[in-house]
$ cat data27.cif   # mmCIF, C-alpha atoms
data_entry
#
loop_
_atom_site.group_PDB
_atom_site.id
_atom_site.type_symbol
_atom_site.label_atom_id
_atom_site.label_comp_id
_atom_site.auth_asym_id
_atom_site.auth_seq_id
_atom_site.Cartn_x
_atom_site.Cartn_y
_atom_site.Cartn_z
ATOM 1 C CA MET H 848 9.353 -2.439 -19.583
ATOM 2 C CA THR H 849 8.132 -5.109 -17.199
ATOM 3 C CA LEU H 850 4.778 -3.420 -16.656
ATOM 4 C CA PHE H 851 4.356 -2.977 -20.412
ATOM 5 C CA GLY H 852 5.160 -6.645 -20.921
ATOM 6 C CA LEU H 853 2.615 -7.677 -18.301
ATOM 7 C CA ARG H 854 -0.076 -5.556 -19.949
ATOM 8 C CA MET H 855 0.660 -7.042 -23.376
ATOM 9 C CA ALA H 856 0.650 -10.612 -22.031
ATOM 10 C CA GLU H 857 -2.671 -9.948 -20.312
ATOM 11 C CA LYS H 858 -4.230 -8.524 -23.461
ATOM 12 C CA LEU H 859 -3.056 -11.598 -25.388
ATOM 13 C CA ARG H 860 -4.578 -13.727 -22.602
ATOM 14 C CA VAL H 861 -1.427 -15.783 -22.102
ATOM 15 C CA LEU H 862 -0.686 -14.834 -18.481
ATOM 16 C CA PRO H 863 -2.779 -17.622 -16.894
ATOM 17 C CA MET H 864 -0.895 -20.216 -18.967
ATOM 18 C CA MET H 865 2.465 -18.677 -18.073
ATOM 19 C CA MET H 866 1.784 -18.235 -14.351
ATOM 20 C CA GLY H 867 -0.195 -21.311 -13.331
ATOM 21 C CA ASP H 868 -2.756 -21.291 -10.546
ATOM 22 C CA VAL H 869 -2.212 -19.754 -7.115
ATOM 23 C CA PRO H 870 -3.931 -21.769 -4.363
ATOM 24 C CA SER H 871 -7.202 -20.403 -3.049
ATOM 25 C CA ASP H 872 -7.025 -19.040 0.497
ATOM 26 C CA PRO H 873 -10.133 -16.862 0.850
ATOM 27 C CA VAL H 874 -10.720 -14.524 3.746
ATOM 28 C CA GLU H 875 -13.320 -11.846 4.443
ATOM 29 C CA ILE H 876 -12.224 -8.631 6.144
ATOM 30 C CA LEU H 877 -14.343 -5.512 6.618
ATOM 31 C CA GLY H 878 -16.955 -6.981 4.309
ATOM 32 C CA MET H 879 -14.444 -7.498 1.485
ATOM 33 C CA LYS H 880 -13.857 -11.003 0.150
ATOM 34 C CA PHE H 881 -10.197 -11.613 -0.701
ATOM 35 C CA PRO H 882 -9.348 -14.642 -2.918
ATOM 36 C CA ASN H 883 -6.082 -14.925 -1.005
ATOM 37 C CA ARG H 884 -4.178 -12.891 1.572
ATOM 38 C CA VAL H 885 -1.348 -11.639 -0.678
ATOM 39 C CA GLY H 886 -1.692 -8.210 -2.269
ATOM 40 C CA LEU H 887 0.378 -5.837 -4.356
ATOM 41 C CA ALA H 888 1.500 -2.802 -2.381
ATOM 42 C CA ALA H 889 0.987 0.718 -3.680
ATOM 43 C CA GLY H 890 3.814 2.273 -5.651
ATOM 44 C CA MET H 891 4.122 -0.231 -8.490
ATOM 45 C CA ASP H 892 0.920 0.296 -10.440
ATOM 46 C CA LYS H 893 1.069 4.054 -10.046
ATOM 47 C CA GLU H 894 -1.249 4.792 -12.971
ATOM 48 C CA ALA H 895 -3.739 1.988 -12.237
ATOM 49 C CA ASP H 896 -3.275 0.639 -15.757
ATOM 50 C CA THR H 897 -1.912 -2.859 -15.017
ATOM 51 C CA ILE H 898 -4.652 -4.111 -12.664
ATOM 52 C CA ASN H 899 -5.907 -6.966 -14.856
ATOM 53 C CA ALA H 900 -2.380 -8.304 -15.288
ATOM 54 C CA PHE H 901 -1.505 -8.192 -11.603
ATOM 55 C CA GLY H 902 -4.697 -10.062 -10.843
ATOM 56 C CA GLN H 903 -3.782 -12.763 -13.330
ATOM 57 C CA VAL H 904 -0.320 -13.336 -11.838
ATOM 58 C CA GLY H 905 -2.036 -14.330 -8.606
ATOM 59 C CA PHE H 906 -2.502 -11.328 -6.322
ATOM 60 C CA GLY H 907 -5.649 -11.544 -4.215
ATOM 61 C CA PHE H 908 -5.814 -7.772 -4.037
ATOM 62 C CA VAL H 909 -4.113 -4.862 -5.762
ATOM 63 C CA GLU H 910 -3.512 -1.391 -4.361
ATOM 64 C CA VAL H 911 -2.915 1.229 -7.050
ATOM 65 C CA GLY H 912 -1.353 4.671 -6.739
ATOM 66 C CA THR H 913 -0.344 6.783 -4.971
ATOM 67 C CA LEU H 914 -2.733 9.067 -6.879
ATOM 68 C CA THR H 915 -2.893 12.821 -6.232
ATOM 69 C CA PRO H 916 -5.551 15.371 -7.247
ATOM 70 C CA ARG H 917 -3.422 16.916 -9.985
ATOM 71 C CA PRO H 918 -0.875 15.194 -12.237
ATOM 72 C CA GLN H 919 2.719 15.621 -11.150
ATOM 73 C CA PRO H 920 6.047 14.417 -12.568
ATOM 74 C CA GLY H 921 7.616 13.345 -9.276
ATOM 75 C CA ASN H 922 11.188 13.979 -8.235
ATOM 76 C CA ASP H 923 14.130 14.403 -10.577
ATOM 77 C CA LYS H 924 15.817 11.307 -11.980
ATOM 78 C CA PRO H 925 17.658 9.188 -11.053
ATOM 79 C CA ARG H 926 15.221 8.385 -8.285
ATOM 80 C CA LEU H 927 15.266 4.608 -7.867
ATOM 81 C CA PHE H 928 18.255 2.458 -6.947
ATOM 82 C CA ARG H 929 18.603 -1.306 -6.597
ATOM 83 C CA LEU H 930 20.923 -2.480 -3.833
ATOM 84 C CA ILE H 931 21.147 -6.009 -5.183
ATOM 85 C CA PRO H 932 23.503 -7.621 -2.626
ATOM 86 C CA HIS H 933 21.130 -6.437 0.118
ATOM 87 C CA ARG H 934 17.920 -7.371 -1.776
ATOM 88 C CA ALA H 935 16.818 -3.794 -1.260
ATOM 89 C CA ILE H 936 15.623 -0.724 -3.113
ATOM 90 C CA ILE H 937 15.890 2.977 -2.343
ATOM 91 C CA ASN H 938 13.353 5.163 -4.101
ATOM 92 C CA ARG H 939 12.471 8.825 -4.064
ATOM 93 C CA MET H 940 9.834 8.744 -6.783
ATOM 94 C CA GLY H 941 7.702 11.526 -5.270
ATOM 95 C CA PHE H 942 4.147 10.450 -6.189
ATOM 96 C CA ASN H 943 4.699 10.646 -9.946
ATOM 97 C CA ASN H 944 1.258 10.038 -11.512
ATOM 98 C CA HIS H 945 -1.240 11.367 -14.046
ATOM 99 C CA GLY H 946 -3.715 12.416 -11.357
ATOM 100 C CA ILE H 947 -6.719 10.847 -9.661
ATOM 101 C CA TYR H 948 -9.145 11.413 -12.540
ATOM 102 C CA GLN H 949 -6.963 9.635 -15.098
ATOM 103 C CA GLY H 950 -6.382 6.908 -12.516
ATOM 104 C CA VAL H 951 -10.126 6.425 -12.041
ATOM 105 C CA GLU H 952 -10.608 6.269 -15.807
ATOM 106 C CA ASN H 953 -7.945 3.560 -16.016
ATOM 107 C CA ILE H 954 -9.551 1.600 -13.179
ATOM 108 C CA ARG H 955 -12.863 1.536 -15.004
ATOM 109 C CA LYS H 956 -11.136 -0.326 -17.844
ATOM 110 C CA ALA H 957 -9.963 -3.138 -15.538
ATOM 111 C CA THR H 958 -12.941 -5.338 -16.316
ATOM 112 C CA ARG H 959 -11.157 -8.690 -15.914
ATOM 113 C CA PHE H 960 -9.937 -8.210 -12.340
ATOM 114 C CA ASN H 961 -11.806 -10.304 -9.774
ATOM 115 C CA GLY H 962 -9.877 -9.425 -6.621
ATOM 116 C CA VAL H 963 -10.151 -6.566 -4.152
ATOM 117 C CA LEU H 964 -8.992 -3.148 -5.363
ATOM 118 C CA GLY H 965 -7.470 -0.516 -3.106
ATOM 119 C CA VAL H 966 -6.833 3.056 -4.236
ATOM 120 C CA ASN H 967 -3.932 4.753 -2.468
ATOM 121 C CA ILE H 968 -4.239 8.548 -2.346
ATOM 122 C CA GLY H 969 -1.941 11.405 -1.350
ATOM 123 C CA LYS H 970 -1.473 15.139 -1.545
ATOM 124 C CA ASN H 971 0.293 17.068 -4.273
ATOM 125 C CA LYS H 972 3.817 18.218 -3.484
ATOM 126 C CA VAL H 973 2.882 21.896 -3.877
ATOM 127 C CA THR H 974 -0.061 21.636 -1.472
ATOM 128 C CA PRO H 975 0.906 22.927 1.989
ATOM 129 C CA ASN H 976 0.153 20.625 4.908
ATOM 130 C CA GLU H 977 -2.510 22.980 6.265
ATOM 131 C CA ASP H 978 -4.453 22.395 3.031
ATOM 132 C CA ALA H 979 -3.642 18.693 2.678
ATOM 133 C CA VAL H 980 -7.098 17.594 3.810
ATOM 134 C CA HIS H 981 -8.610 19.131 0.660
ATOM 135 C CA ASP H 982 -6.358 16.993 -1.542
ATOM 136 C CA TYR H 983 -7.276 13.826 0.343
ATOM 137 C CA LEU H 984 -10.989 14.648 0.235
ATOM 138 C CA THR H 985 -10.802 15.346 -3.505
ATOM 139 C CA CYS H 986 -9.212 11.962 -4.111
ATOM 140 C CA LEU H 987 -11.550 10.156 -1.714
ATOM 141 C CA LYS H 988 -14.601 11.452 -3.561
ATOM 142 C CA ALA H 989 -13.118 10.701 -6.972
ATOM 143 C CA ALA H 990 -12.105 7.133 -6.040
ATOM 144 C CA TRP H 991 -15.278 6.216 -4.159
ATOM 145 C CA ASP H 992 -17.150 4.561 -7.009
ATOM 146 C CA VAL H 993 -14.246 2.431 -8.274
ATOM 147 C CA ALA H 994 -12.409 1.403 -5.082
ATOM 148 C CA ASP H 995 -13.134 -1.424 -2.677
ATOM 149 C CA TYR H 996 -11.093 0.457 -0.068
ATOM 150 C CA ILE H 997 -9.178 3.728 0.021
ATOM 151 C CA ALA H 998 -5.680 3.954 1.520
ATOM 152 C CA ILE H 999 -4.372 7.261 2.893
ATOM 153 C CA ASN H 1000 -0.661 7.724 2.255
ATOM 154 C CA PHE H 1001 0.626 10.225 4.786
ATOM 155 C CA SER H 1002 3.865 8.416 5.490
ATOM 156 C CA SER H 1003 5.926 8.574 2.307
ATOM 157 C CA PRO H 1004 9.363 10.085 2.970
ATOM 158 C CA ASN H 1005 9.529 11.486 -0.561
ATOM 159 C CA THR H 1006 7.045 14.367 -0.331
ATOM 160 C CA PRO H 1007 8.548 17.133 1.836
ATOM 161 C CA GLY H 1008 6.764 17.500 5.167
ATOM 162 C CA LEU H 1009 4.247 14.737 4.502
ATOM 163 C CA ARG H 1010 5.220 12.679 7.531
ATOM 164 C CA ASP H 1011 4.438 15.656 9.771
ATOM 165 C CA LEU H 1012 0.794 14.665 9.252
ATOM 166 C CA GLN H 1013 1.517 11.492 11.238
ATOM 167 C CA ALA H 1014 1.747 13.418 14.510
ATOM 168 C CA ALA H 1015 -1.240 12.602 16.712
ATOM 169 C CA GLU H 1016 -3.063 15.939 16.428
ATOM 170 C CA PRO H 1017 -2.864 16.443 12.625
ATOM 171 C CA ALA H 1018 -3.584 12.746 12.102
ATOM 172 C CA ALA H 1019 -6.739 13.072 14.208
ATOM 173 C CA ARG H 1020 -7.894 16.148 12.258
ATOM 174 C CA LEU H 1021 -7.243 14.488 8.906
ATOM 175 C CA LEU H 1022 -8.974 11.262 9.874
ATOM 176 C CA ALA H 1023 -11.992 13.084 11.337
ATOM 177 C CA SER H 1024 -12.477 14.949 8.035
ATOM 178 C CA LEU H 1025 -12.102 11.768 6.010
ATOM 179 C CA LYS H 1026 -14.567 9.864 8.192
ATOM 180 C CA ALA H 1027 -17.123 12.667 7.868
ATOM 181 C CA GLU H 1028 -16.836 12.594 4.084
ATOM 182 C CA GLN H 1029 -16.939 8.801 4.127
ATOM 183 C CA ALA H 1030 -20.300 9.006 5.932
ATOM 184 C CA ASN H 1031 -21.605 11.492 3.343
ATOM 185 C CA LEU H 1032 -20.497 9.288 0.459
ATOM 186 C CA GLU H 1033 -22.000 6.204 2.062
ATOM 187 C CA LYS H 1034 -25.317 8.014 2.445
ATOM 188 C CA GLU H 1035 -25.268 9.154 -1.177
ATOM 189 C CA SER H 1036 -24.172 5.831 -2.677
ATOM 190 C CA GLY H 1037 -25.646 3.346 -0.244
ATOM 191 C CA VAL H 1038 -22.265 1.594 -0.121
ATOM 192 C CA TYR H 1039 -19.622 1.663 2.627
ATOM 193 C CA LYS H 1040 -15.951 1.775 1.581
ATOM 194 C CA PRO H 1041 -13.315 1.211 4.304
ATOM 195 C CA ILE H 1042 -10.548 3.743 4.852
ATOM 196 C CA PHE H 1043 -7.021 2.518 5.621
ATOM 197 C CA MET H 1044 -4.066 4.646 6.686
ATOM 198 C CA LYS H 1045 -0.472 3.706 5.878
ATOM 199 C CA VAL H 1046 2.139 4.420 8.546
ATOM 200 C CA ALA H 1047 5.927 4.669 8.514
ATOM 201 C CA PRO H 1048 8.281 2.228 10.237
ATOM 202 C CA ASP H 1049 10.255 5.113 11.742
ATOM 203 C CA VAL H 1050 7.997 5.527 14.771
ATOM 204 C CA THR H 1051 8.640 5.269 18.491
ATOM 205 C CA GLU H 1052 6.642 3.170 20.949
ATOM 206 C CA GLU H 1053 5.072 6.377 22.286
ATOM 207 C CA HIS H 1054 4.076 7.452 18.777
ATOM 208 C CA ILE H 1055 2.547 4.031 18.096
ATOM 209 C CA SER H 1056 0.509 4.328 21.279
ATOM 210 C CA GLU H 1057 -0.674 7.847 20.412
ATOM 211 C CA LEU H 1058 -1.616 6.934 16.857
ATOM 212 C CA SER H 1059 -3.426 3.791 17.998
ATOM 213 C CA ARG H 1060 -5.549 5.894 20.333
ATOM 214 C CA VAL H 1061 -6.354 8.318 17.502
ATOM 215 C CA PHE H 1062 -7.208 5.500 15.093
ATOM 216 C CA VAL H 1063 -9.606 3.859 17.551
ATOM 217 C CA GLU H 1064 -11.244 7.110 18.686
ATOM 218 C CA GLU H 1065 -11.771 8.373 15.128
ATOM 219 C CA GLY H 1066 -13.039 5.045 13.799
ATOM 220 C CA LEU H 1067 -10.309 4.105 11.328
ATOM 221 C CA ASP H 1068 -11.293 0.973 9.436
ATOM 222 C CA GLY H 1069 -7.875 -0.511 8.664
ATOM 223 C CA LEU H 1070 -4.141 0.075 8.986
ATOM 224 C CA ILE H 1071 -1.260 -0.595 6.573
ATOM 225 C CA VAL H 1072 2.084 -1.211 8.310
ATOM 226 C CA THR H 1073 4.630 -0.105 7.025
ATOM 227 C CA ASN H 1074 5.869 2.297 4.367
ATOM 228 C CA THR H 1075 9.567 2.579 3.456
ATOM 229 C CA THR H 1076 12.183 3.582 6.017
ATOM 230 C CA LEU H 1077 14.686 6.415 6.303
ATOM 231 C CA SER H 1078 17.048 4.112 8.181
ATOM 232 C CA ARG H 1079 20.153 2.901 6.383
ATOM 233 C CA VAL H 1080 21.096 0.202 8.870
ATOM 234 C CA GLY H 1081 22.584 -2.723 6.982
ATOM 235 C CA VAL H 1082 23.187 -0.941 3.673
ATOM 236 C CA GLU H 1083 25.761 1.656 4.725
ATOM 237 C CA SER H 1084 28.518 -0.025 2.711
ATOM 238 C CA HIS H 1085 26.637 -0.035 -0.598
ATOM 239 C CA PRO H 1086 27.549 2.662 -3.164
ATOM 240 C CA HIS H 1087 23.910 3.770 -3.194
ATOM 241 C CA GLY H 1088 23.405 3.305 0.544
ATOM 242 C CA ASN H 1089 23.328 7.030 1.255
ATOM 243 C CA GLU H 1090 20.939 7.998 -1.539
ATOM 244 C CA ALA H 1091 17.974 10.038 -0.338
ATOM 245 C CA GLY H 1092 14.593 8.300 -0.284
ATOM 246 C CA GLY H 1093 12.818 5.391 1.310
ATOM 247 C CA LEU H 1094 14.533 2.035 1.789
ATOM 248 C CA SER H 1095 12.549 -1.152 1.187
ATOM 249 C CA GLY H 1096 13.249 -4.846 0.936
ATOM 250 C CA ALA H 1097 15.138 -7.261 3.180
ATOM 251 C CA PRO H 1098 16.674 -4.583 5.478
ATOM 252 C CA LEU H 1099 13.127 -3.574 6.459
ATOM 253 C CA THR H 1100 11.828 -7.086 7.237
ATOM 254 C CA THR H 1101 12.474 -7.167 10.975
ATOM 255 C CA ARG H 1102 11.551 -3.548 11.715
ATOM 256 C CA SER H 1103 8.279 -3.774 9.821
ATOM 257 C CA THR H 1104 7.304 -6.899 11.749
ATOM 258 C CA GLU H 1105 8.176 -5.198 15.040
ATOM 259 C CA VAL H 1106 5.938 -2.239 14.220
ATOM 260 C CA ILE H 1107 3.104 -4.564 13.181
ATOM 261 C CA ARG H 1108 3.415 -6.389 16.490
ATOM 262 C CA ALA H 1109 3.418 -3.126 18.445
ATOM 263 C CA PHE H 1110 0.309 -1.772 16.693
ATOM 264 C CA ALA H 1111 -1.454 -5.122 17.042
ATOM 265 C CA SER H 1112 -0.731 -5.097 20.779
ATOM 266 C CA GLU H 1113 -2.164 -1.590 21.123
ATOM 267 C CA LEU H 1114 -5.198 -2.174 18.904
ATOM 268 C CA GLN H 1115 -6.167 -5.587 20.322
ATOM 269 C CA GLY H 1116 -7.980 -6.670 17.175
ATOM 270 C CA ARG H 1117 -10.141 -3.559 16.862
ATOM 271 C CA ILE H 1118 -8.570 -2.530 13.552
ATOM 272 C CA PRO H 1119 -7.294 -5.062 10.979
ATOM 273 C CA ILE H 1120 -3.715 -4.655 9.770
ATOM 274 C CA ILE H 1121 -2.165 -5.176 6.346
ATOM 275 C CA GLY H 1122 1.479 -6.126 6.846
ATOM 276 C CA VAL H 1123 4.024 -4.907 4.304
ATOM 277 C CA GLY H 1124 7.761 -4.399 4.367
ATOM 278 C CA GLY H 1125 10.562 -6.782 3.484
ATOM 279 C CA ILE H 1126 8.527 -9.866 2.601
ATOM 280 C CA MET H 1127 11.115 -11.785 0.590
ATOM 281 C CA CYS H 1128 9.892 -15.356 1.174
ATOM 282 C CA GLY H 1129 6.919 -17.284 2.490
ATOM 283 C CA ALA H 1130 8.340 -17.381 6.001
ATOM 284 C CA ASP H 1131 8.415 -13.575 6.086
ATOM 285 C CA ALA H 1132 4.716 -13.468 5.225
ATOM 286 C CA VAL H 1133 3.966 -15.977 7.982
ATOM 287 C CA GLU H 1134 5.822 -13.819 10.494
ATOM 288 C CA LYS H 1135 3.734 -10.795 9.538
ATOM 289 C CA ILE H 1136 0.529 -12.773 10.131
ATOM 290 C CA LYS H 1137 1.811 -14.123 13.455
ATOM 291 C CA ALA H 1138 2.735 -10.566 14.489
ATOM 292 C CA GLY H 1139 -0.871 -9.470 14.016
ATOM 293 C CA ALA H 1140 -1.500 -8.768 10.331
ATOM 294 C CA SER H 1141 -4.577 -10.137 8.585
ATOM 295 C CA LEU H 1142 -3.231 -9.609 5.061
ATOM 296 C CA VAL H 1143 0.175 -8.937 3.511
ATOM 297 C CA GLN H 1144 1.450 -6.928 0.556
ATOM 298 C CA LEU H 1145 4.508 -7.356 -1.662
ATOM 299 C CA TYR H 1146 6.635 -4.804 -3.464
ATOM 300 C CA THR H 1147 10.414 -5.207 -3.390
ATOM 301 C CA GLY H 1148 10.252 -8.965 -2.873
ATOM 302 C CA PHE H 1149 8.046 -9.226 -5.955
ATOM 303 C CA ILE H 1150 10.566 -7.197 -7.979
ATOM 304 C CA TYR H 1151 13.415 -9.504 -6.990
ATOM 305 C CA ARG H 1152 11.611 -12.841 -7.111
ATOM 306 C CA GLY H 1153 8.631 -12.410 -9.411
ATOM 307 C CA PRO H 1154 5.257 -14.186 -9.277
ATOM 308 C CA GLU H 1155 6.642 -17.322 -7.625
ATOM 309 C CA LEU H 1156 6.774 -15.315 -4.393
ATOM 310 C CA ILE H 1157 2.988 -14.854 -4.441
ATOM 311 C CA ARG H 1158 2.390 -18.599 -4.604
ATOM 312 C CA GLU H 1159 5.044 -19.275 -1.955
ATOM 313 C CA CYS H 1160 3.476 -16.776 0.466
ATOM 314 C CA VAL H 1161 -0.059 -18.061 -0.092
ATOM 315 C CA GLU H 1162 1.020 -21.664 0.465
ATOM 316 C CA ALA H 1163 3.090 -20.820 3.549
ATOM 317 C CA MET H 1164 0.315 -18.831 5.223
ATOM 318 C CA LYS H 1165 -2.298 -21.425 4.327
ATOM 319 C CA ALA H 1166 -0.181 -24.135 5.940
ATOM 320 C CA GLU H 1167 1.022 -22.280 9.032
ATOM 321 C CA CYS H 1168 -1.621 -19.588 9.591
ATOM 322 C CA PRO H 1169 -4.925 -21.021 8.370
ATOM 323 C CA VAL H 1170 -7.829 -18.603 8.112
ATOM 324 C CA GLN H 1171 -10.157 -18.856 11.089
ATOM 325 C CA LYS H 1172 -13.609 -19.742 9.760
#

$ encode --input "data27.cif" --output "structure tokens"
Amino acid sequence: MTLFGLRMAEKLRVLPMMMGDVPSDPVEILGMKFPNRVGLAAGMDKEADTINAFGQVGFGFVEVGTLTPRPQPGNDKPRLFRLIPHRAIINRMGFNNHGIYQGVENIRKATRFNGVLGVNIGKNKVTPNEDAVHDYLTCLKAAWDVADYIAINFSSPNTPGLRDLQAAEPAARLLASLKAEQANLEKESGVYKPIFMKVAPDVTEEHISELSRVFVEEGLDGLIVTNTTLSRVGVESHPHGNEAGGLSGAPLTTRSTEVIRAFASELQGRIPIIGVGGIMCGADAVEKIKAGASLVQLYTGFIYRGPELIRECVEAMKAECPVQK
């Protein structure tokens, strides 16, 4: 209902009057010019049909999806639970979407969006991991013309076995194939589109070190840290605390920042990081930047607090973490 309302308000051209202006805080990363450093994380605009509206509420960049090669309904309902006292959400949506080709068609209609657009891609549930690369390559090729960057989701906990692709060896194979296709597409189109990979927060220090080595060796352009967590620390007492799925929101704030800091330490500035996970106020966004992120994304915080959180984060980062010119 909220997404429908946003689309209607955008079509009636009343969103700018309702939202007010978000301060400008431009930054250029990997050749992309972001109006501000606050983006919408993947998972909310799953069909890529609300892009114009999200741009008008103040996001500097929007990441749509996750989109898969073929349409799929996702997991059985109920599959999303609000843990309101904990300012958290558990979801097990399961990449419900109408498929990459419908998503691309929707993106082409977003003619009033002036920010940076990311397209988050994944594999279909029925595709075995040994064939996953074909799904990612299909989506990469389909999204190339409409995306400013492409994000590889291999860390969702809601597609069985997907996180197995995060092990160092399969991650290296997947990334090598994606980089080869990226080079082919760049040659054909004359345009370079960065590839980001989105990692889980449920990783050890050793795993972070191994993945960092893979990302540097294979030439990954950017990293998104983190996806939702399987941990239930802090929400055990809630009636929905033991629901299957990924936990997001305030319980993830500290862990996400820790993982950002660990990757930033390993990568030493060689790969830019988008920080996401438990950003519920401007101070949380500042902490992500101080930990090593260049940009941040909102999801659960935006659901609980609405567009005012975008402005608060932009203002806080502008004041405490000014962009280095």

$ closest_residue --input "data27.cif" --among "H:Ala1138, H:Ile997, H:Ala1030, H:Val1133" --to "Ser1103 in chain H" --atoms "only C-alpha atoms"
H:Ala1138

$ residues_around --input "data27.cif" --residues "Phe942 in chain H" --least-positions-apart "5" --cutoff "12 Å" --atoms "all atoms listed in the file" --output "PyMOL selection string"
chain H and resi 889-894+911-923+926+947+967-973+1000-1007+1009

$ closest_residue --input "data27.cif" --among "H:Asn899, H:Asn1031, H:Ala888, H:Leu859" --to "Lys956 in chain H" --atoms "only C-alpha atoms"
H:Asn899

$ resolve_selection --input "data27.cif" --expression "the PyMOL selection byres ((chain H and resi 1099) around 9)" --output "PyMOL selection string"
chain H and resi 935+1048+1075-1076+1078+1094-1098+1100-1104+1124-1126

$ write_last_selection --input "data27.cif" --atoms "C-alpha atoms" --output "compact mmCIF listing (two decimals), in the coordinates of the input"
# COMPACT_ATOMS: atom_id res chain seq x y z
CA ALA H 935 16.82 -3.79 -1.26
CA PRO H 1048 8.28 2.23 10.24
CA THR H 1075 9.57 2.58 3.46
CA THR H 1076 12.18 3.58 6.02
CA SER H 1078 17.05 4.11 8.18
CA LEU H 1094 14.53 2.04 1.79
CA SER H 1095 12.55 -1.15 1.19
CA GLY H 1096 13.25 -4.85 0.94
CA ALA H 1097 15.14 -7.26 3.18
CA PRO H 1098 16.67 -4.58 5.48
CA THR H 1100 11.83 -7.09 7.24
CA THR H 1101 12.47 -7.17 10.98
CA ARG H 1102 11.55 -3.55 11.72
CA SER H 1103 8.28 -3.77 9.82
CA THR H 1104 7.30 -6.90 11.75
CA GLY H 1124 7.76 -4.40 4.37
CA GLY H 1125 10.56 -6.78 3.48
CA ILE H 1126 8.53 -9.87 2.60

$ closest_residue --input "data27.cif" --among "H:Ala998, H:Val909, H:Val1106, H:Met879" --to "Leu1145 in chain H" --atoms "all atoms listed in the file"
H:Val909

$ closest_residue --input "data27.cif" --among "H:Phe908, H:Ser1036, H:Leu930, H:Glu1105" --to "Tyr1151 in chain H" --atoms "all atoms listed in the file"
H:Leu930

$ closest_residue --input "data27.cif" --among "H:Gln1144, H:Thr897, H:Ser1024, H:Ser1084" --to "Gly1066 in chain H" --atoms "all atoms listed in the file"
H:Ser1024

$ residues_around --input "data27.cif" --residues "Arg929 in chain H" --least-positions-apart "3" --cutoff "12 Å" --atoms "all atoms listed in the file" --output "list in words"
Pro925, Arg926, Pro932, His933, Arg934, Ala935, Ile936, Ile937, Asn938, Val1082, His1085, Pro1086, His1087, Gly1088, Glu1090, Gly1093, Leu1094, Ser1095, Gly1096, Ala1097, Thr1147, Gly1148, Ile1150 and Tyr1151 of chain H

$ closest_residue --input "data27.cif" --among "H:Leu1142, H:Leu853, H:Leu1022, H:Val1080" --to "Lys880 in chain H" --atoms "only C-alpha atoms"
H:Leu1142

$ atom_distance --input "data27.cif" --atom1 "CA of Gly965 in chain H" --atom2 "CA of Arg884 in chain H"
13.6 Å

$ atom_distance --input "data27.cif" --atom1 "CA of Gly1116 in chain H" --atom2 "CA of Gly1139 in chain H"
8.3 Å

$ resolve_selection --input "data27.cif" --expression "the PyMOL selection byres ((chain H and resi 962) around 12)" --output "mmCIF file with C-alpha atoms, in the frame of the given file"
data_model
loop_
_atom_site.group_PDB
_atom_site.id
_atom_site.type_symbol
_atom_site.label_atom_id
_atom_site.label_comp_id
_atom_site.auth_asym_id
_atom_site.auth_seq_id
_atom_site.Cartn_x
_atom_site.Cartn_y
_atom_site.Cartn_z
ATOM 1 C CA SER H 871 -7.202 -20.403 -3.049
ATOM 2 C CA PRO H 873 -10.133 -16.862 0.850
ATOM 3 C CA VAL H 874 -10.720 -14.524 3.746
ATOM 4 C CA GLU H 875 -13.320 -11.846 4.443
ATOM 5 C CA MET H 879 -14.444 -7.498 1.485
ATOM 6 C CA LYS H 880 -13.857 -11.003 0.150
ATOM 7 C CA PHE H 881 -10.197 -11.613 -0.701
ATOM 8 C CA PRO H 882 -9.348 -14.642 -2.918
ATOM 9 C CA ASN H 883 -6.082 -14.925 -1.005
ATOM 10 C CA ARG H 884 -4.178 -12.891 1.572
ATOM 11 C CA VAL H 885 -1.348 -11.639 -0.678
ATOM 12 C CA GLY H 886 -1.692 -8.210 -2.269
ATOM 13 C CA LEU H 887 0.378 -5.837 -4.356
ATOM 14 C CA ILE H 898 -4.652 -4.111 -12.664
ATOM 15 C CA ASN H 899 -5.907 -6.966 -14.856
ATOM 16 C CA ALA H 900 -2.380 -8.304 -15.288
ATOM 17 C CA PHE H 901 -1.505 -8.192 -11.603
ATOM 18 C CA GLY H 902 -4.697 -10.062 -10.843
ATOM 19 C CA GLN H 903 -3.782 -12.763 -13.330
ATOM 20 C CA VAL H 904 -0.320 -13.336 -11.838
ATOM 21 C CA GLY H 905 -2.036 -14.330 -8.606
ATOM 22 C CA PHE H 906 -2.502 -11.328 -6.322
ATOM 23 C CA GLY H 907 -5.649 -11.544 -4.215
ATOM 24 C CA PHE H 908 -5.814 -7.772 -4.037
ATOM 25 C CA VAL H 909 -4.113 -4.862 -5.762
ATOM 26 C CA GLU H 910 -3.512 -1.391 -4.361
ATOM 27 C CA ALA H 957 -9.963 -3.138 -15.538
ATOM 28 C CA THR H 958 -12.941 -5.338 -16.316
ATOM 29 C CA ARG H 959 -11.157 -8.690 -15.914
ATOM 30 C CA PHE H 960 -9.937 -8.210 -12.340
ATOM 31 C CA ASN H 961 -11.806 -10.304 -9.774
ATOM 32 C CA VAL H 963 -10.151 -6.566 -4.152
ATOM 33 C CA LEU H 964 -8.992 -3.148 -5.363
ATOM 34 C CA GLY H 965 -7.470 -0.516 -3.106
ATOM 35 C CA ALA H 994 -12.409 1.403 -5.082
ATOM 36 C CA ASP H 995 -13.134 -1.424 -2.677
ATOM 37 C CA TYR H 996 -11.093 0.457 -0.068
#

$ atom_distance --input "data27.cif" --atom1 "CA of Asp872 in chain H" --atom2 "CA of Met855 in chain H"
27.8 Å

$ residues_around --input "data27.cif" --residues "Glu1065 in chain H" --least-positions-apart "4" --cutoff "12 Å" --atoms "only C-alpha atoms" --output "PyMOL selection string"
chain H and resi 1015-1016+1018-1027+1042+1058-1061+1069+1118

$ axis_aligned_box --input "data27.cif" --around "range 907-918 of chain H" --padding-each-side "6 Å" --output "AutoDock Vina command-line options"
--center_x -3.1 --center_y 2.7 --center_z -8.1 --size_x 17.5 --size_y 40.5 --size_z 20.2
